[in-house]
Amino acid sequence: MTPSTPAPRDTGRRSRDGSPARRRPVTVFLLLALGLGWAALTVPVVIGAPVEPFLLAMTFVALLGSALLVTRLADGPGAVRRLLGRAFAWRFGAARWGVVLLGIPVLTLALAAVTGTLRSPPSGWAAEAGWYLFSTLVYGALVLNLWEETAWGGFLQSRLTARHGLVVAALLTGLPFAGIHLPLYLAEGWSGETARDLVLLFLLVPVYRYLLGMHLLDTGGSVLAIGVQHASWNAAGSLGAVEGEWQVMVAVVLLTLLMALERHVRGRDARPLGRAAERRAAAGWISRRGPAPGTADDGRG
């Protein structure tokens with residue numbers, strides 16, 4: 001697309017005619033996702049049941065179900081196929097695969113080594129590596145995080161990027177992304193530790209959503225890339241070789257800063273940089289005229 005090409009029509013602008021989902025898809029999605037999600041996570045807290053089945057309900061009903069329903073109502077059946085197609089868009093270069101799969105754990109282990117909190121994992125390094133890959137690629141990405149990010153990244157953050165650009169979309173997506181977990185944080189009652197954890201969550205999440213937004217822009221909107229990155233963060237936070245939990249949070253911030261620097265130094269001719277380019281790119285993922293997802297990455301990462 002040349003600089004003179006007019007920007008696609010903002011996908012957030014809807015006719016005043018039609019269903020609420022067509023006029024205000026983001027608002028309807030948030031009402032459904034947060035309402036159903038809070039209900040799903042409150043039930044195990046109230047009845048004292050294991051939370052895992054209710055996490056599945058939150059992921060597949062509250063998040064994925066709401067995203068697919070609103071997409072269908074707002075843009076028609078073809079839009080559902082486009083959104084789900086982005087969940088399997090894998091053609092985005094070996095360097096990008098290395099970042100989403102290994103960036104956070106490598107930085108987490110490096111920070112642990114520098115600060116003296118690295119230890120030999122109880123089951124050995126080979127078992128630790130196997131556990132990490134299984135947790136990231138099988139349990140994390142395929143079972144949970146890929147479908148969670150189809151809603152948060154593929155639906156919500158993509159539409160907000162088409163309307164506002166990368167920075168504002170990351171901030172706006174981060175609020176409900178963090179907020180949907182409130183019932184779990186409040187399950188044990190209010191305390192100083194709960195307040196600290198919530199503050200850390202709401203401070204870190206916009207940075208993390210900015211990281212995922214960069215992945216979306218650099219891969220042509222691939223939800224698979226951000227689903228694997230999400231699963232990698234979760235798995236890296238449970239590494240047996242690291243004493244403590246702060247290292248993975250710092251690793252997320254460092255990876256975000258390194259990627260942002262690399263994009264601005266090396267990626268000016270190949271990646272959407274600047275609010276107008278970001279909005280055009282995201283509108284293309286959503287519209288019928290958009291390029292095939294997963295084809296924008298030049299292989300450099």
# chains A, B, ... in the order shown; residues from 1 in each chain; ligands from 1

call {"tool": "select_by_dssp", "arguments": {"residues": "segment 14-258 of chain A", "states": "helix (DSSP H, G or I)", "output": "JSON, numbers by chain"}}
result
{"A": [20, 21, 22, 23, 25, 26, 27, 28, 29, 30, 31, 32, 33, 34, 35, 36, 37, 38, 39, 40, 41, 42, 43, 44, 45, 46, 47, 52, 53, 54, 55, 56, 57, 58, 59, 60, 61, 62, 63, 64, 65, 66, 67, 68, 69, 70, 71, 72, 73, 74, 75, 77, 78, 79, 80, 81, 82, 83, 84, 85, 86, 94, 95, 96, 97, 98, 99, 100, 101, 102, 103, 104, 105, 106, 107, 108, 109, 110, 111, 112, 113, 114, 115, 125, 126, 127, 128, 129, 130, 131, 132, 133, 134, 135, 136, 137, 138, 139, 140, 141, 142, 143, 144, 145, 146, 147, 148, 149, 150, 151, 152, 153, 154, 155, 156, 157, 158, 159, 160, 161, 162, 163, 164, 166, 167, 168, 169, 170, 171, 172, 173, 174, 175, 176, 177, 178, 179, 182, 183, 184, 185, 192, 193, 194, 195, 196, 197, 198, 199, 200, 201, 202, 203, 204, 205, 206, 207, 208, 209, 210, 211, 212, 213, 214, 215, 216, 217, 218, 223, 224, 225, 226, 227, 228, 229, 230, 231, 232, 233, 234, 235, 236, 246, 247, 248, 249, 250, 251, 252, 253, 254, 255, 256, 257, 258]}

call {"tool": "residues_around", "arguments": {"residues": "Trp131 of chain A", "least_positions_apart": "6", "cutoff": "12 Å", "atoms": "only C-alpha atoms", "output": "MDAnalysis selection string"}}
result
chainID A and resid 121 123:125 137:140 232 235:236 238:241

call {"tool": "residues_around", "arguments": {"residues": "segment 245-258 of chain A", "least_positions_apart": "4", "cutoff": "12 Å", "atoms": "only C-alpha atoms", "output": "short mmCIF file (atom, residue, chain, number, x, y, z; two decimals) with all heavy atoms, in the first residue's frame"}}
result
data_model
loop_
_atom_site.label_atom_id
_atom_site.label_comp_id
_atom_site.auth_asym_id
_atom_site.auth_seq_id
_atom_site.Cartn_x
_atom_site.Cartn_y
_atom_site.Cartn_z
N VAL A 99 10.85 -15.48 18.95
CA VAL A 99 10.49 -14.47 19.95
C VAL A 99 9.28 -14.92 20.76
O VAL A 99 9.29 -14.87 21.99
CB VAL A 99 10.22 -13.12 19.27
CG1 VAL A 99 9.61 -12.13 20.27
CG2 VAL A 99 11.51 -12.54 18.70
N VAL A 100 8.21 -15.36 20.08
CA VAL A 100 6.99 -15.69 20.81
C VAL A 100 7.14 -16.95 21.64
O VAL A 100 6.50 -17.11 22.69
CB VAL A 100 5.78 -15.82 19.86
CG1 VAL A 100 5.53 -14.52 19.12
CG2 VAL A 100 5.94 -16.97 18.88
N LEU A 102 10.32 -18.34 22.76
CA LEU A 102 11.47 -18.40 23.66
C LEU A 102 11.84 -17.07 24.30
O LEU A 102 12.64 -17.05 25.24
CB LEU A 102 12.69 -18.94 22.90
CG LEU A 102 12.53 -20.34 22.31
CD1 LEU A 102 13.76 -20.71 21.50
CD2 LEU A 102 12.29 -21.38 23.40
N GLY A 103 11.30 -15.96 23.81
CA GLY A 103 11.74 -14.65 24.31
C GLY A 103 11.55 -14.48 25.81
O GLY A 103 12.49 -14.13 26.54
N ILE A 104 10.36 -14.73 26.32
CA ILE A 104 10.09 -14.52 27.75
C ILE A 104 10.84 -15.52 28.63
O ILE A 104 11.46 -15.12 29.62
CB ILE A 104 8.58 -14.53 28.02
CG1 ILE A 104 7.93 -13.30 27.39
CG2 ILE A 104 8.29 -14.57 29.53
CD1 ILE A 104 6.43 -13.21 27.57
N PRO A 105 10.83 -16.84 28.34
CA PRO A 105 11.58 -17.74 29.22
C PRO A 105 13.08 -17.49 29.22
O PRO A 105 13.73 -17.60 30.27
CB PRO A 105 11.25 -19.13 28.67
CG PRO A 105 10.75 -18.91 27.30
CD PRO A 105 10.07 -17.58 27.32
N VAL A 106 13.65 -17.15 28.08
CA VAL A 106 15.09 -16.87 28.05
C VAL A 106 15.43 -15.66 28.89
O VAL A 106 16.39 -15.66 29.68
CB VAL A 106 15.57 -16.70 26.59
CG1 VAL A 106 16.97 -16.11 26.55
CG2 VAL A 106 15.55 -18.04 25.86
N LEU A 107 14.65 -14.59 28.76
CA LEU A 107 14.89 -13.40 29.56
C LEU A 107 14.63 -13.68 31.04
O LEU A 107 15.35 -13.17 31.91
CB LEU A 107 14.00 -12.25 29.09
CG LEU A 107 14.38 -11.61 27.75
CD1 LEU A 107 13.31 -10.62 27.30
CD2 LEU A 107 15.73 -10.92 27.85
N THR A 108 13.63 -14.50 31.35
CA THR A 108 13.35 -14.85 32.74
C THR A 108 14.52 -15.60 33.36
O THR A 108 14.96 -15.30 34.49
CB THR A 108 12.08 -15.72 32.82
OG1 THR A 108 10.97 -14.97 32.31
CG2 THR A 108 11.79 -16.12 34.26
N LEU A 109 15.06 -16.57 32.64
CA LEU A 109 16.21 -17.34 33.14
C LEU A 109 17.45 -16.46 33.25
O LEU A 109 18.24 -16.60 34.20
CB LEU A 109 16.48 -18.53 32.22
CG LEU A 109 15.41 -19.63 32.22
CD1 LEU A 109 15.70 -20.66 31.13
CD2 LEU A 109 15.34 -20.32 33.58
N ALA A 110 17.63 -15.56 32.30
CA ALA A 110 18.79 -14.66 32.36
C ALA A 110 18.72 -13.74 33.58
O ALA A 110 19.72 -13.53 34.27
CB ALA A 110 18.86 -13.84 31.07
N LEU A 111 17.53 -13.21 33.84
CA LEU A 111 17.37 -12.36 35.03
C LEU A 111 17.61 -13.15 36.31
O LEU A 111 18.23 -12.65 37.26
CB LEU A 111 15.96 -11.77 35.05
CG LEU A 111 15.68 -10.65 34.05
CD1 LEU A 111 14.18 -10.39 33.94
CD2 LEU A 111 16.41 -9.38 34.46
N ALA A 112 17.13 -14.39 36.34
CA ALA A 112 17.36 -15.23 37.52
C ALA A 112 18.85 -15.50 37.71
O ALA A 112 19.36 -15.49 38.84
CB ALA A 112 16.58 -16.54 37.39
N ALA A 113 19.56 -15.74 36.60
CA ALA A 113 21.00 -16.00 36.70
C ALA A 113 21.76 -14.78 37.21
O ALA A 113 22.65 -14.89 38.05
CB ALA A 113 21.53 -16.43 35.34
N VAL A 114 21.39 -13.61 36.72
CA VAL A 114 22.08 -12.37 37.11
C VAL A 114 21.81 -12.04 38.58
O VAL A 114 22.69 -11.51 39.27
CB VAL A 114 21.62 -11.21 36.19
CG1 VAL A 114 22.11 -9.87 36.74
CG2 VAL A 114 22.15 -11.42 34.78
N THR A 115 20.61 -12.34 39.06
CA THR A 115 20.23 -11.95 40.42
C THR A 115 20.41 -13.07 41.45
O THR A 115 20.02 -12.92 42.60
CB THR A 115 18.76 -11.50 40.45
OG1 THR A 115 17.92 -12.57 39.97
CG2 THR A 115 18.57 -10.27 39.57
N GLY A 116 20.98 -14.19 41.03
CA GLY A 116 21.23 -15.28 41.97
C GLY A 116 20.01 -16.06 42.36
O GLY A 116 20.00 -16.74 43.39
N THR A 117 18.94 -16.01 41.55
CA THR A 117 17.71 -16.75 41.86
C THR A 117 17.50 -17.92 40.90
O THR A 117 16.40 -18.48 40.84
CB THR A 117 16.49 -15.82 41.82
OG1 THR A 117 16.45 -15.14 40.53
CG2 THR A 117 16.57 -14.78 42.92
N LEU A 118 18.54 -18.28 40.17
CA LEU A 118 18.47 -19.43 39.27
C LEU A 118 18.93 -20.67 40.03
O LEU A 118 19.93 -20.64 40.73
CB LEU A 118 19.35 -19.21 38.04
CG LEU A 118 19.33 -20.31 36.98
CD1 LEU A 118 17.96 -20.36 36.30
CD2 LEU A 118 20.44 -20.08 35.94
N ASP A 197 -1.16 -7.07 44.39
CA ASP A 197 -1.23 -7.91 43.20
C ASP A 197 -2.09 -7.27 42.12
O ASP A 197 -1.77 -7.34 40.92
CB ASP A 197 -1.79 -9.28 43.56
CG ASP A 197 -0.83 -10.11 44.40
OD1 ASP A 197 0.37 -9.76 44.45
OD2 ASP A 197 -1.28 -11.10 45.02
N LEU A 200 -0.13 -4.37 40.48
CA LEU A 200 0.86 -4.92 39.56
C LEU A 200 0.20 -5.42 38.27
O LEU A 200 0.72 -5.21 37.17
CB LEU A 200 1.64 -6.05 40.22
CG LEU A 200 2.64 -5.64 41.31
CD1 LEU A 200 3.24 -6.88 41.97
CD2 LEU A 200 3.75 -4.76 40.73
N LEU A 201 -0.94 -6.08 38.43
CA LEU A 201 -1.65 -6.59 37.26
C LEU A 201 -2.05 -5.46 36.32
O LEU A 201 -1.77 -5.52 35.11
CB LEU A 201 -2.89 -7.37 37.71
CG LEU A 201 -3.81 -7.87 36.59
CD1 LEU A 201 -3.12 -8.94 35.77
CD2 LEU A 201 -5.13 -8.41 37.18
N LEU A 203 -0.87 -2.48 36.10
CA LEU A 203 0.28 -1.77 35.55
C LEU A 203 0.96 -2.57 34.44
O LEU A 203 1.43 -2.00 33.45
CB LEU A 203 1.29 -1.47 36.67
CG LEU A 203 0.92 -0.39 37.67
CD1 LEU A 203 1.99 -0.27 38.75
CD2 LEU A 203 0.73 0.96 36.98
N LEU A 204 1.04 -3.88 34.61
CA LEU A 204 1.77 -4.71 33.65
C LEU A 204 0.95 -4.99 32.39
O LEU A 204 1.52 -5.07 31.29
CB LEU A 204 2.17 -6.03 34.31
CG LEU A 204 2.97 -7.01 33.45
CD1 LEU A 204 4.29 -6.39 33.01
CD2 LEU A 204 3.22 -8.31 34.20
N VAL A 205 -0.35 -5.14 32.53
CA VAL A 205 -1.18 -5.58 31.41
C VAL A 205 -1.11 -4.65 30.21
O VAL A 205 -1.02 -5.13 29.07
CB VAL A 205 -2.62 -5.82 31.89
CG1 VAL A 205 -3.60 -5.78 30.72
CG2 VAL A 205 -2.71 -7.17 32.59
N PRO A 206 -1.15 -3.31 30.35
CA PRO A 206 -1.03 -2.48 29.14
C PRO A 206 0.29 -2.68 28.40
O PRO A 206 0.32 -2.64 27.16
CB PRO A 206 -1.14 -1.04 29.69
CG PRO A 206 -1.88 -1.20 30.97
CD PRO A 206 -1.43 -2.51 31.54
N VAL A 207 1.37 -2.89 29.14
CA VAL A 207 2.66 -3.18 28.50
C VAL A 207 2.57 -4.48 27.72
O VAL A 207 3.02 -4.58 26.57
CB VAL A 207 3.79 -3.26 29.55
CG1 VAL A 207 5.11 -3.62 28.89
CG2 VAL A 207 3.90 -1.95 30.31
N TYR A 208 1.96 -5.48 28.35
CA TYR A 208 1.83 -6.78 27.71
C TYR A 208 0.94 -6.70 26.47
O TYR A 208 1.24 -7.31 25.44
CB TYR A 208 1.26 -7.77 28.72
CG TYR A 208 1.01 -9.13 28.15
CD1 TYR A 208 2.05 -9.91 27.68
CD2 TYR A 208 -0.29 -9.65 28.09
CE1 TYR A 208 1.82 -11.17 27.16
CE2 TYR A 208 -0.53 -10.91 27.58
CZ TYR A 208 0.53 -11.67 27.12
OH TYR A 208 0.29 -12.91 26.60
N ARG A 209 -0.17 -5.96 26.55
CA ARG A 209 -1.02 -5.82 25.39
C ARG A 209 -0.32 -5.04 24.27
O ARG A 209 -0.59 -5.28 23.08
CB ARG A 209 -2.34 -5.11 25.75
CG ARG A 209 -3.27 -5.79 26.72
CD ARG A 209 -3.62 -7.22 26.45
NE ARG A 209 -3.95 -7.58 25.09
CZ ARG A 209 -4.36 -8.79 24.73
NH1 ARG A 209 -4.51 -9.74 25.65
NH2 ARG A 209 -4.64 -9.09 23.47
N TYR A 210 0.58 -4.14 24.63
CA TYR A 210 1.37 -3.44 23.61
C TYR A 210 2.28 -4.44 22.90
O TYR A 210 2.44 -4.39 21.66
CB TYR A 210 2.20 -2.34 24.26
CG TYR A 210 2.91 -1.43 23.29
CD1 TYR A 210 2.28 -0.28 22.81
CD2 TYR A 210 4.19 -1.71 22.84
CE1 TYR A 210 2.92 0.56 21.92
CE2 TYR A 210 4.84 -0.88 21.95
CZ TYR A 210 4.20 0.25 21.49
OH TYR A 210 4.84 1.08 20.59
N LEU A 211 2.88 -5.37 23.66
CA LEU A 211 3.70 -6.42 23.06
C LEU A 211 2.88 -7.25 22.09
O LEU A 211 3.31 -7.50 20.94
CB LEU A 211 4.27 -7.31 24.17
CG LEU A 211 4.99 -8.59 23.74
CD1 LEU A 211 6.26 -8.26 22.96
CD2 LEU A 211 5.32 -9.47 24.95
N LEU A 212 1.69 -7.67 22.49
CA LEU A 212 0.84 -8.46 21.60
C LEU A 212 0.38 -7.64 20.40
O LEU A 212 0.25 -8.17 19.29
CB LEU A 212 -0.36 -9.00 22.37
CG LEU A 212 -0.08 -9.96 23.52
CD1 LEU A 212 -1.36 -10.62 24.00
CD2 LEU A 212 0.95 -11.01 23.16
N GLY A 213 0.13 -6.35 20.62
CA GLY A 213 -0.25 -5.50 19.50
C GLY A 213 0.84 -5.39 18.46
O GLY A 213 0.56 -5.38 17.24
N MET A 214 2.09 -5.33 18.89
CA MET A 214 3.21 -5.32 17.93
C MET A 214 3.26 -6.62 17.15
O MET A 214 3.51 -6.63 15.94
CB MET A 214 4.53 -5.07 18.66
CG MET A 214 4.70 -3.66 19.19
SD MET A 214 6.38 -3.32 19.81
CE MET A 214 6.40 -4.34 21.31
N HIS A 215 3.04 -7.75 17.83
CA HIS A 215 2.99 -9.03 17.12
C HIS A 215 1.89 -9.03 16.07
O HIS A 215 2.10 -9.49 14.94
CB HIS A 215 2.75 -10.17 18.11
CG HIS A 215 3.94 -10.55 18.94
ND1 HIS A 215 5.23 -10.61 18.43
CD2 HIS A 215 4.04 -10.90 20.25
CE1 HIS A 215 6.06 -10.99 19.39
NE2 HIS A 215 5.36 -11.16 20.49
N GLN A 229 2.39 -16.49 22.42
CA GLN A 229 3.06 -15.57 23.33
C GLN A 229 2.37 -15.55 24.69
O GLN A 229 3.04 -15.52 25.73
CB GLN A 229 3.08 -14.16 22.73
CG GLN A 229 3.82 -13.14 23.55
CD GLN A 229 5.32 -13.36 23.56
OE1 GLN A 229 6.03 -12.85 22.71
NE2 GLN A 229 5.82 -14.13 24.51
N HIS A 230 1.06 -15.57 24.71
CA HIS A 230 0.30 -15.59 25.96
C HIS A 230 0.61 -16.87 26.74
O HIS A 230 0.88 -16.83 27.96
CB HIS A 230 -1.20 -15.52 25.64
CG HIS A 230 -2.06 -15.28 26.83
ND1 HIS A 230 -3.28 -14.63 26.75
CD2 HIS A 230 -1.92 -15.60 28.13
CE1 HIS A 230 -3.83 -14.57 27.95
NE2 HIS A 230 -3.02 -15.16 28.82
N SER A 232 3.25 -18.71 26.48
CA SER A 232 4.65 -18.66 26.89
C SER A 232 4.81 -17.88 28.19
O SER A 232 5.58 -18.27 29.08
CB SER A 232 5.49 -18.03 25.78
OG SER A 232 6.82 -17.83 26.20
N TRP A 233 4.11 -16.76 28.32
CA TRP A 233 4.18 -15.97 29.55
C TRP A 233 3.70 -16.80 30.74
O TRP A 233 4.34 -16.85 31.80
CB TRP A 233 3.32 -14.70 29.40
CG TRP A 233 3.29 -13.82 30.62
CD1 TRP A 233 4.17 -13.84 31.67
CD2 TRP A 233 2.34 -12.80 30.92
NE1 TRP A 233 3.82 -12.88 32.61
CE2 TRP A 233 2.71 -12.23 32.16
CE3 TRP A 233 1.24 -12.30 30.26
CZ2 TRP A 233 1.99 -11.20 32.75
CZ3 TRP A 233 0.53 -11.26 30.85
CH2 TRP A 233 0.90 -10.72 32.07
N ASN A 234 2.56 -17.48 30.58
CA ASN A 234 2.03 -18.29 31.67
C ASN A 234 3.00 -19.40 32.07
O ASN A 234 3.24 -19.64 33.26
CB ASN A 234 0.69 -18.90 31.26
CG ASN A 234 -0.41 -17.87 31.14
OD1 ASN A 234 -0.28 -16.74 31.60
ND2 ASN A 234 -1.51 -18.25 30.50
N ALA A 235 3.56 -20.09 31.07
CA ALA A 235 4.47 -21.20 31.38
C ALA A 235 5.77 -20.70 31.99
O ALA A 235 6.32 -21.32 32.91
CB ALA A 235 4.75 -22.00 30.11
N ALA A 236 6.30 -19.59 31.50
CA ALA A 236 7.55 -19.05 32.04
C ALA A 236 7.40 -18.62 33.50
O ALA A 236 8.36 -18.65 34.27
CB ALA A 236 8.03 -17.87 31.20
N GLY A 237 6.19 -18.25 33.89
CA GLY A 237 5.95 -17.87 35.27
C GLY A 237 5.96 -19.02 36.24
O GLY A 237 5.95 -18.81 37.46
N SER A 238 5.98 -20.25 35.72
CA SER A 238 5.97 -21.44 36.58
C SER A 238 7.21 -22.30 36.42
O SER A 238 7.20 -23.48 36.75
CB SER A 238 4.72 -22.29 36.28
OG SER A 238 3.53 -21.56 36.50
N LEU A 239 8.28 -21.72 35.89
CA LEU A 239 9.52 -22.49 35.71
C LEU A 239 10.09 -22.92 37.06
O LEU A 239 10.25 -22.11 37.97
CB LEU A 239 10.55 -21.65 34.95
CG LEU A 239 10.27 -21.38 33.47
CD1 LEU A 239 11.28 -20.39 32.92
CD2 LEU A 239 10.29 -22.68 32.66
N GLY A 240 10.43 -24.20 37.17
CA GLY A 240 11.00 -24.70 38.41
C GLY A 240 12.42 -24.26 38.65
O GLY A 240 12.95 -24.40 39.76
N ALA A 241 13.06 -23.71 37.62
CA ALA A 241 14.45 -23.28 37.75
C ALA A 241 14.59 -21.87 38.30
O ALA A 241 15.71 -21.39 38.51
CB ALA A 241 15.15 -23.35 36.38
N GLU A 262 13.59 -2.50 18.25
CA GLU A 262 13.95 -3.16 16.99
C GLU A 262 13.03 -2.74 15.85
O GLU A 262 13.46 -2.52 14.72
CB GLU A 262 13.90 -4.67 17.20
CG GLU A 262 14.50 -5.49 16.05
CD GLU A 262 13.50 -5.79 14.95
OE1 GLU A 262 12.27 -5.67 15.20
OE2 GLU A 262 13.93 -6.12 13.83
N ARG A 263 11.74 -2.60 16.15
CA ARG A 263 10.79 -2.19 15.12
C ARG A 263 11.12 -0.81 14.57
O ARG A 263 11.04 -0.57 13.37
CB ARG A 263 9.35 -2.17 15.68
CG ARG A 263 8.77 -3.52 15.97
CD ARG A 263 7.33 -3.41 16.47
NE ARG A 263 6.39 -3.34 15.36
CZ ARG A 263 5.61 -2.31 15.09
NH1 ARG A 263 5.63 -1.24 15.87
NH2 ARG A 263 4.77 -2.34 14.07
N HIS A 264 11.47 0.12 15.45
CA HIS A 264 11.72 1.48 15.01
C HIS A 264 13.09 1.65 14.36
O HIS A 264 13.28 2.55 13.53
CB HIS A 264 11.55 2.45 16.18
CG HIS A 264 10.13 2.73 16.53
ND1 HIS A 264 9.35 1.87 17.28
CD2 HIS A 264 9.32 3.78 16.18
CE1 HIS A 264 8.13 2.37 17.39
NE2 HIS A 264 8.08 3.52 16.76
N VAL A 265 14.02 0.77 14.68
CA VAL A 265 15.35 0.87 14.08
C VAL A 265 15.40 0.15 12.74
O VAL A 265 15.95 0.66 11.76
CB VAL A 265 16.41 0.28 15.04
CG1 VAL A 265 17.77 0.16 14.34
CG2 VAL A 265 16.55 1.15 16.27
N ARG A 266 14.79 -1.04 12.65
CA ARG A 266 14.95 -1.88 11.47
C ARG A 266 13.69 -2.05 10.64
O ARG A 266 13.77 -2.50 9.50
CB ARG A 266 15.43 -3.27 11.89
CG ARG A 266 16.77 -3.30 12.59
CD ARG A 266 17.14 -4.73 12.95
NE ARG A 266 17.11 -5.60 11.76
CZ ARG A 266 17.04 -6.93 11.82
NH1 ARG A 266 16.95 -7.53 12.98
NH2 ARG A 266 17.04 -7.64 10.72
N GLY A 301 11.57 -11.01 12.15
CA GLY A 301 11.07 -11.04 13.53
C GLY A 301 10.18 -9.89 13.81
O GLY A 301 9.66 -9.77 14.89
#

call {"tool": "atom_distance", "arguments": {"atom1": "atom CA of Ala126 of chain A", "atom2": "atom CA of Phe88 of chain A"}}
result
28.6 Å

call {"tool": "closest_residue", "arguments": {"among": "A:Arg275, A:Thr71, A:Ala195, A:Val167", "to": "Phe29 of chain A", "atoms": "only C-alpha atoms"}}
result
A:Thr71

call {"tool": "closest_atom_pairs", "arguments": {"of": "segment 73-153 of chain A", "to": "segment 170-177 of chain A", "cutoff": "10 Å", "atoms": "only C-alpha atoms", "output": "JSON lines"}}
result
{"residue": "A:Glu148", "atom": "CA", "partner": "A:Phe177", "partner_atom": "CA", "distance": 9.9}
{"residue": "A:Trp152", "atom": "CA", "partner": "A:Phe177", "partner_atom": "CA", "distance": 7.1}
{"residue": "A:Gly153", "atom": "CA", "partner": "A:Thr173", "partner_atom": "CA", "distance": 8.2}

call {"tool": "write_last_selection", "arguments": {"atoms": "N, CA and C atoms", "output": "mmCIF file, in the first residue's frame"}}
result
data_model
loop_
_atom_site.group_PDB
_atom_site.id
_atom_site.type_symbol
_atom_site.label_atom_id
_atom_site.label_comp_id
_atom_site.auth_asym_id
_atom_site.auth_seq_id
_atom_site.Cartn_x
_atom_site.Cartn_y
_atom_site.Cartn_z
ATOM 1 N N GLU A 148 -8.655 -17.758 23.906
ATOM 2 C CA GLU A 148 -8.787 -16.526 24.688
ATOM 3 C C GLU A 148 -8.332 -15.326 23.867
ATOM 4 N N TRP A 152 -9.739 -11.567 22.824
ATOM 5 C CA TRP A 152 -9.082 -10.327 23.271
ATOM 6 C C TRP A 152 -8.288 -9.657 22.154
ATOM 7 N N GLY A 153 -7.450 -10.424 21.467
ATOM 8 C CA GLY A 153 -6.590 -9.840 20.440
ATOM 9 C C GLY A 153 -7.227 -9.812 19.069
#
